[in-house]
file final-v3.txt (compact mmCIF, C-alpha atoms)
# COMPACT_ATOMS: atom_id res chain seq x y z
CA MET O 1 89.69 83.95 86.45
CA GLU O 2 91.26 84.19 89.88
CA LEU O 3 94.28 82.00 90.52
CA PRO O 4 94.19 80.02 93.76
CA ALA O 5 96.35 81.20 96.61
CA VAL O 6 99.69 79.41 96.40
CA SER O 7 102.01 79.26 99.34
CA LEU O 8 105.53 80.59 99.04
CA LYS O 9 106.66 77.31 100.60
CA ALA O 10 105.09 75.35 97.72
CA ILE O 11 106.82 77.54 95.12
CA ILE O 12 110.19 77.06 96.79
CA LEU O 13 109.67 73.33 97.24
CA VAL O 14 108.76 72.79 93.57
CA HIS O 15 111.69 74.84 92.30
CA TRP O 16 114.08 73.17 94.75
CA LEU O 17 113.03 69.71 93.55
CA LEU O 18 113.28 70.68 89.88
CA THR O 19 116.70 72.26 90.46
CA VAL O 20 117.96 69.15 92.25
CA TRP O 21 116.73 67.01 89.36
CA GLY O 22 118.26 69.45 86.87
CA CYS O 23 121.63 69.08 88.60
CA MET O 24 121.52 65.26 88.72
CA ASN O 25 123.67 64.90 85.66
CA HIS O 26 126.77 67.07 85.30
CA ILE O 27 125.63 68.57 82.00
CA LEU O 28 124.82 72.00 83.47
CA PRO O 29 127.70 73.89 85.14
CA ALA O 30 127.99 74.60 88.84
CA SER O 31 126.85 78.19 88.24
CA TYR O 32 123.37 76.85 87.39
CA ALA O 33 123.14 75.19 90.81
CA TRP O 34 124.70 78.13 92.68
CA GLY O 35 122.38 80.64 91.05
CA ASN O 36 119.17 78.70 91.61
CA PHE O 37 119.95 77.50 95.13
CA SER O 38 121.01 80.99 96.27
CA VAL O 39 117.73 82.44 94.99
CA LEU O 40 115.85 79.70 96.83
CA ALA O 41 117.77 80.65 99.99
CA VAL O 42 116.48 84.21 99.60
CA GLY O 43 113.01 82.67 99.21
CA ILE O 44 113.46 80.92 102.56
CA TRP O 45 114.33 84.32 104.03
CA ALA O 46 111.05 85.61 102.59
CA ILE O 47 109.21 82.75 104.32
CA VAL O 48 110.86 83.39 107.68
CA GLN O 49 110.24 87.14 107.64
CA ARG O 50 106.62 87.36 106.54
CA ASP O 51 106.43 91.14 106.89
CA SER O 52 109.67 91.94 105.07
CA LEU O 53 109.13 93.72 101.81
CA ASP O 54 112.84 93.54 100.97
CA ALA O 55 112.94 89.74 101.24
CA ILE O 56 110.06 89.14 98.85
CA ALA O 57 111.31 91.83 96.45
CA MET O 58 114.78 90.28 96.36
CA PHE O 59 113.28 86.83 95.82
CA LEU O 60 111.22 88.17 92.92
CA ALA O 61 114.24 89.90 91.42
CA GLY O 62 116.29 86.72 91.82
CA LEU O 63 113.63 84.63 90.10
CA LEU O 64 113.50 87.08 87.21
CA LEU O 65 117.29 87.02 86.94
CA THR O 66 117.46 83.22 86.98
CA VAL O 67 115.04 83.10 84.06
CA LEU O 68 117.72 84.83 82.00
CA THR O 69 120.62 82.80 83.38
CA ASP O 70 118.75 79.50 82.97
CA ILE O 71 118.09 80.30 79.31
CA ILE O 72 121.80 80.96 78.83
CA HIS O 73 122.90 77.85 80.73
CA ILE O 74 120.51 75.50 78.95
CA SER O 75 121.18 76.90 75.49
CA VAL O 76 124.98 76.93 75.83
CA PHE O 77 125.41 73.58 77.60
CA TYR O 78 122.69 71.54 75.89
CA PRO O 79 124.38 68.31 74.74
CA SER O 80 124.43 67.05 71.18
CA HIS O 81 122.13 64.20 70.19
CA ASP O 82 125.00 61.71 70.33
CA HIS O 83 125.36 62.07 74.11
CA LEU O 84 121.72 62.08 75.22
CA GLY O 85 121.32 59.24 77.70
CA ASP O 86 118.21 58.76 79.79
CA THR O 87 119.64 60.53 82.82
CA THR O 88 120.85 63.43 80.72
CA ARG O 89 117.50 63.75 78.99
CA PHE O 90 115.66 63.70 82.34
CA SER O 91 118.03 66.19 83.95
CA VAL O 92 117.86 68.71 81.12
CA GLY O 93 114.10 68.18 80.86
CA MET O 94 113.64 69.08 84.53
CA ALA O 95 115.81 72.19 84.09
CA ILE O 96 113.65 73.23 81.13
CA PHE O 97 110.46 72.48 83.09
CA SER O 98 111.76 74.63 85.96
CA LEU O 99 112.45 77.41 83.47
CA LEU O 100 108.93 77.14 82.05
CA LEU O 101 107.37 77.37 85.53
CA LYS O 102 109.40 80.42 86.60
CA PRO O 103 107.20 83.07 84.89
CA LEU O 104 104.16 81.68 86.72
CA ALA O 105 106.15 81.66 89.96
CA CYS O 106 107.22 85.27 89.31
CA TYR O 107 103.60 86.30 88.87
CA LEU O 108 102.54 84.55 92.09
CA VAL O 109 105.47 86.03 94.04
CA TYR O 110 104.60 89.46 92.63
CA ARG O 111 101.06 89.05 93.98
CA MET O 112 102.56 88.20 97.38
CA TYR O 113 104.75 91.28 97.10
CA ARG O 114 101.63 93.40 96.53
CA GLU O 115 99.86 91.74 99.48
CA ARG O 116 102.77 92.68 101.73
CA GLY O 117 102.34 96.31 100.77
CA GLY O 118 104.65 96.71 97.81
CA GLU O 119 104.06 99.28 95.10
CA TYR O 120 102.84 98.53 91.60
CA THR O 121 106.15 99.60 90.15
CA PHE O 122 109.61 99.22 91.55
CA ASN O 123 111.08 102.57 92.55
CA ILE O 124 114.64 102.82 91.31
CA GLY O 125 115.09 106.43 92.33
CA VAL O 126 114.33 108.14 89.03
CA THR O 127 111.98 111.07 89.43
CA SER O 128 109.30 111.84 86.90
CA ALA O 129 109.19 115.03 84.87
CA GLY O 130 105.63 115.86 85.93
CA GLN O 131 104.62 118.73 88.15
CA ASP O 132 104.27 118.41 91.90
CA ARG O 133 100.56 118.77 92.60
CA SER O 134 100.82 118.73 96.41
CA THR O 135 101.05 122.55 96.58
CA TYR O 136 98.29 123.18 94.04
CA GLU O 137 96.01 126.09 94.88
CA PRO O 138 92.85 126.72 92.86
CA ILE O 139 92.69 130.24 91.43
CA ASP O 140 88.91 130.43 91.15
CA GLN O 141 88.39 130.91 94.89
CA SER O 142 88.49 134.52 95.94
CA GLU O 143 89.83 134.85 99.45
CA ALA O 144 91.29 138.03 100.76
CA PRO O 145 95.01 137.72 101.32
CA PRO O 146 95.99 137.69 104.98
CA GLN O 147 97.04 141.02 106.39
CA TRP O 148 100.40 141.43 107.99
CA PRO O 149 100.54 141.93 110.91
CA PRO O 150 97.16 140.56 111.95
CA PRO O 151 94.69 143.32 112.89
CA GLY O 152 94.55 142.27 116.57
CA LYS O 153 98.28 142.57 117.16
CA ALA O 154 100.43 145.63 117.33
CA ALA O 155 103.47 145.90 115.12
CA GLN O 156 106.72 144.97 116.78
CA PRO O 157 109.34 147.66 116.96
CA PRO O 158 112.38 147.27 114.72
CA TYR O 159 115.62 146.09 116.30

call {"tool": "encode", "arguments": {"input": "final-v3.txt", "output": "C-alpha cells"}}
result
Amino acid sequence: MELPAVSLKAIILVHWLLTVWGCMNHILPASYAWGNFSVLAVGIWAIVQRDSLDAIAMFLAGLLLTVLTDIIHISVFYPSHDHLGDTTRFSVGMAIFSLLLKPLACYLVYRMYRERGGEYTFNIGVTSAGQDRSTYEPIDQSEAPPQWPPPGKAAQPPY
C-alpha cells in the first residue's frame, strides 16, 4: 500500500501545533519546547531550500533525536494523579500524541530525503572491509601483454 504524498509543510504545521499545545501548561520543561521548536526551524530550512540534502537530513536526524528526548521529558515530568487538571491532561496528551506521530513523520521525511537524492544508508565515514572491485580484471581472457616500447617507436636513448 502506497502512502499518499505528504507535504513537508503539513508535517511541520502538525508538529508545531502539537508542540504548542504540549507547552500550554508548564508541566514539561523549557528544554522540551527548545528542542522541538529548533527541530521545526531546521524543517523550515528544508522547505526553503528544496534541493538541499543537508537540510532534510538534519531535519530527519532532529526528528529522530526528539523522539528520544520526548520520551525522557514525558516520562520524567509526568505529573502524579493528584495534580491532573483538564489543561494538564490536554497538554500532556498532545505531547504524547506528537510523540506517537513522530515515527510516521520520520518515515515520510526519509522518503523525501530519498527523493532529493539521498542514499539508502547514512554515510558516517566508516569504510567496509570488502574488496574494491573497481580494478577487477577477469583472468579468463587471454590478451597478449603490451610490449614496451611499442613496436612502431624506437627506444629512447638513456640519459

call {"tool": "closest_residue", "arguments": {"input": "final-v3.txt", "among": "O:Ile96, O:Leu60, O:Ile74, O:Met112", "to": "Val39 of chain O", "atoms": "all atoms listed in the file"}}
result
O:Leu60

call {"tool": "atom_distance", "arguments": {"input": "final-v3.txt", "atom1": "atom CA of Ala10 of chain O", "atom2": "atom CA of Ala105 of chain O"}}
result
10.1 Å

call {"tool": "atom_distance", "arguments": {"input": "final-v3.txt", "atom1": "atom CA of His81 of chain O", "atom2": "atom CA of Thr69 of chain O"}}
result
22.9 Å

call {"tool": "closest_residue", "arguments": {"input": "final-v3.txt", "among": "O:His83, O:His73, O:Lys9, O:His26", "to": "Ile44 of chain O", "atoms": "all atoms listed in the file"}}
result
O:Lys9

call {"tool": "axis_aligned_box", "arguments": {"input": "final-v3.txt", "around": "segment 88-92 of chain O", "padding_each_side": "4 Å", "output": "lines of an AutoDock Vina configuration file"}}
result
center_x = 118.3
center_y = 66.1
center_z = 81.5
size_x = 13.2
size_y = 13.3
size_z = 13.0

call {"tool": "closest_residue", "arguments": {"input": "final-v3.txt", "among": "O:Ser91, O:Leu108, O:Asp82, O:Tyr113", "to": "Leu17 of chain O", "atoms": "all atoms listed in the file"}}
result
O:Ser91

call {"tool": "residues_around", "arguments": {"input": "final-v3.txt", "residues": "Pro103 of chain O", "least_positions_apart": "5", "cutoff": "10 Å", "atoms": "all atoms listed in the file", "output": "number ranges by chain"}}
result
O: 63-64, 67, 98, 108-109

call {"tool": "write_last_selection", "arguments": {"input": "final-v3.txt", "atoms": "C-alpha atoms", "output": "compact mmCIF listing (two decimals), keeping the file's coordinate frame"}}
result
# COMPACT_ATOMS: atom_id res chain seq x y z
CA LEU O 63 113.63 84.63 90.10
CA LEU O 64 113.50 87.08 87.21
CA VAL O 67 115.04 83.10 84.06
CA SER O 98 111.76 74.63 85.96
CA LEU O 108 102.54 84.55 92.09
CA VAL O 109 105.47 86.03 94.04

call {"tool": "residues_around", "arguments": {"input": "final-v3.txt", "residues": "Trp16 of chain O", "least_positions_apart": "3", "cutoff": "8 Å", "atoms": "only C-alpha atoms", "output": "list in words"}}
result
Ile12, Leu13, Thr19, Val20, Phe37 and Leu40 of chain O

call {"tool": "atom_distance", "arguments": {"input": "final-v3.txt", "atom1": "atom CA of Pro79 of chain O", "atom2": "atom CA of Val92 of chain O"}}
result
9.1 Å

call {"tool": "closest_residue", "arguments": {"input": "final-v3.txt", "among": "O:Leu8, O:Val42, O:Leu18, O:Leu100", "to": "Ala55 of chain O", "atoms": "all atoms listed in the file"}}
result
O:Val42

call {"tool": "decode", "arguments": {"input": "final-v3.txt", "residues": "segment 36-84 of chain O", "atoms": "N, CA and C atoms", "output": "compact mmCIF listing (two decimals), in the first residue's frame"}}
result
# COMPACT_ATOMS: atom_id res chain seq x y z
N ASN O 36 12.03 20.86 20.43
CA ASN O 36 11.07 20.66 19.35
C ASN O 36 11.00 21.85 18.40
N PHE O 37 11.00 23.07 18.94
CA PHE O 37 10.92 24.23 18.07
C PHE O 37 12.20 24.43 17.24
N SER O 38 13.35 24.07 17.79
CA SER O 38 14.58 24.19 16.99
C SER O 38 14.60 23.17 15.86
N VAL O 39 14.07 21.97 16.09
CA VAL O 39 13.99 20.99 15.00
C VAL O 39 13.01 21.46 13.94
N LEU O 40 11.91 22.07 14.36
CA LEU O 40 10.96 22.61 13.39
C LEU O 40 11.56 23.76 12.59
N ALA O 41 12.46 24.53 13.20
CA ALA O 41 13.17 25.58 12.47
C ALA O 41 14.06 24.98 11.38
N VAL O 42 14.70 23.87 11.68
CA VAL O 42 15.50 23.18 10.66
C VAL O 42 14.57 22.65 9.57
N GLY O 43 13.37 22.23 9.93
CA GLY O 43 12.39 21.80 8.93
C GLY O 43 11.98 22.94 8.01
N ILE O 44 11.88 24.15 8.55
CA ILE O 44 11.57 25.31 7.71
C ILE O 44 12.73 25.56 6.75
N TRP O 45 13.94 25.35 7.21
CA TRP O 45 15.11 25.46 6.32
C TRP O 45 15.00 24.43 5.19
N ALA O 46 14.53 23.24 5.50
CA ALA O 46 14.37 22.20 4.48
C ALA O 46 13.27 22.57 3.48
N ILE O 47 12.27 23.34 3.93
CA ILE O 47 11.23 23.80 3.00
C ILE O 47 11.80 24.87 2.07
N VAL O 48 12.55 25.80 2.63
CA VAL O 48 13.06 26.93 1.85
C VAL O 48 14.06 26.45 0.81
N GLN O 49 14.96 25.55 1.19
CA GLN O 49 15.95 25.04 0.24
C GLN O 49 15.54 23.65 -0.19
N ARG O 50 14.73 23.59 -1.24
CA ARG O 50 14.17 22.33 -1.70
C ARG O 50 15.21 21.34 -2.22
N ASP O 51 16.33 21.82 -2.70
CA ASP O 51 17.34 20.93 -3.26
C ASP O 51 18.42 20.53 -2.26
N SER O 52 18.36 21.07 -1.05
CA SER O 52 19.41 20.81 -0.08
C SER O 52 19.23 19.45 0.57
N LEU O 53 20.22 18.62 0.40
CA LEU O 53 20.22 17.31 1.03
C LEU O 53 20.57 17.42 2.51
N ASP O 54 21.43 18.39 2.84
CA ASP O 54 21.82 18.58 4.24
C ASP O 54 20.64 19.01 5.10
N ALA O 55 19.79 19.89 4.58
CA ALA O 55 18.66 20.40 5.35
C ALA O 55 17.69 19.29 5.71
N ILE O 56 17.34 18.47 4.74
CA ILE O 56 16.37 17.40 5.01
C ILE O 56 16.99 16.31 5.87
N ALA O 57 18.30 16.06 5.71
CA ALA O 57 18.97 15.06 6.54
C ALA O 57 19.06 15.54 7.99
N MET O 58 19.33 16.82 8.19
CA MET O 58 19.38 17.35 9.55
C MET O 58 18.00 17.37 10.19
N PHE O 59 16.97 17.65 9.39
CA PHE O 59 15.61 17.62 9.93
C PHE O 59 15.23 16.20 10.34
N LEU O 60 15.59 15.23 9.52
CA LEU O 60 15.32 13.83 9.86
C LEU O 60 16.08 13.42 11.12
N ALA O 61 17.33 13.79 11.21
CA ALA O 61 18.12 13.46 12.40
C ALA O 61 17.55 14.15 13.64
N GLY O 62 17.10 15.38 13.49
CA GLY O 62 16.49 16.08 14.61
C GLY O 62 15.19 15.44 15.06
N LEU O 63 14.37 15.01 14.10
CA LEU O 63 13.13 14.32 14.47
C LEU O 63 13.43 13.03 15.22
N LEU O 64 14.41 12.28 14.74
CA LEU O 64 14.77 11.03 15.42
C LEU O 64 15.29 11.31 16.83
N LEU O 65 16.06 12.37 16.98
CA LEU O 65 16.58 12.72 18.29
C LEU O 65 15.49 13.19 19.24
N THR O 66 14.51 13.93 18.73
CA THR O 66 13.44 14.40 19.60
C THR O 66 12.50 13.27 20.02
N VAL O 67 12.48 12.18 19.29
CA VAL O 67 11.72 11.02 19.77
C VAL O 67 12.29 10.57 21.11
N LEU O 68 13.60 10.47 21.16
CA LEU O 68 14.26 10.05 22.41
C LEU O 68 14.08 11.09 23.52
N THR O 69 14.30 12.36 23.21
CA THR O 69 14.18 13.38 24.24
C THR O 69 12.74 13.56 24.71
N ASP O 70 11.77 13.40 23.81
CA ASP O 70 10.37 13.50 24.22
C ASP O 70 9.99 12.37 25.17
N ILE O 71 10.48 11.18 24.90
CA ILE O 71 10.22 10.05 25.80
C ILE O 71 10.77 10.36 27.19
N ILE O 72 11.97 10.90 27.24
CA ILE O 72 12.59 11.23 28.52
C ILE O 72 11.80 12.35 29.22
N HIS O 73 11.47 13.41 28.50
CA HIS O 73 10.74 14.52 29.10
C HIS O 73 9.39 14.08 29.65
N ILE O 74 8.64 13.34 28.85
CA ILE O 74 7.30 12.94 29.28
C ILE O 74 7.37 11.97 30.45
N SER O 75 8.29 11.04 30.40
CA SER O 75 8.36 10.05 31.48
C SER O 75 8.87 10.65 32.79
N VAL O 76 9.79 11.59 32.72
CA VAL O 76 10.34 12.17 33.95
C VAL O 76 9.39 13.21 34.55
N PHE O 77 8.75 14.01 33.71
CA PHE O 77 7.94 15.12 34.21
C PHE O 77 6.44 14.85 34.21
N TYR O 78 6.02 13.61 33.99
CA TYR O 78 4.60 13.31 34.01
C TYR O 78 4.08 13.50 35.43
N PRO O 79 3.00 14.29 35.60
CA PRO O 79 2.54 14.60 36.95
C PRO O 79 1.81 13.42 37.59
N SER O 80 1.74 13.47 38.92
CA SER O 80 1.00 12.42 39.63
C SER O 80 -0.50 12.63 39.42
N HIS O 81 -1.28 11.63 39.76
CA HIS O 81 -2.72 11.71 39.53
C HIS O 81 -3.40 12.79 40.36
N ASP O 82 -2.77 13.23 41.43
CA ASP O 82 -3.38 14.26 42.27
C ASP O 82 -3.42 15.62 41.59
N HIS O 83 -2.49 15.86 40.66
CA HIS O 83 -2.38 17.18 40.04
C HIS O 83 -2.79 17.18 38.58
N LEU O 84 -3.65 16.30 38.16
CA LEU O 84 -4.06 16.23 36.76
C LEU O 84 -5.34 17.03 36.55
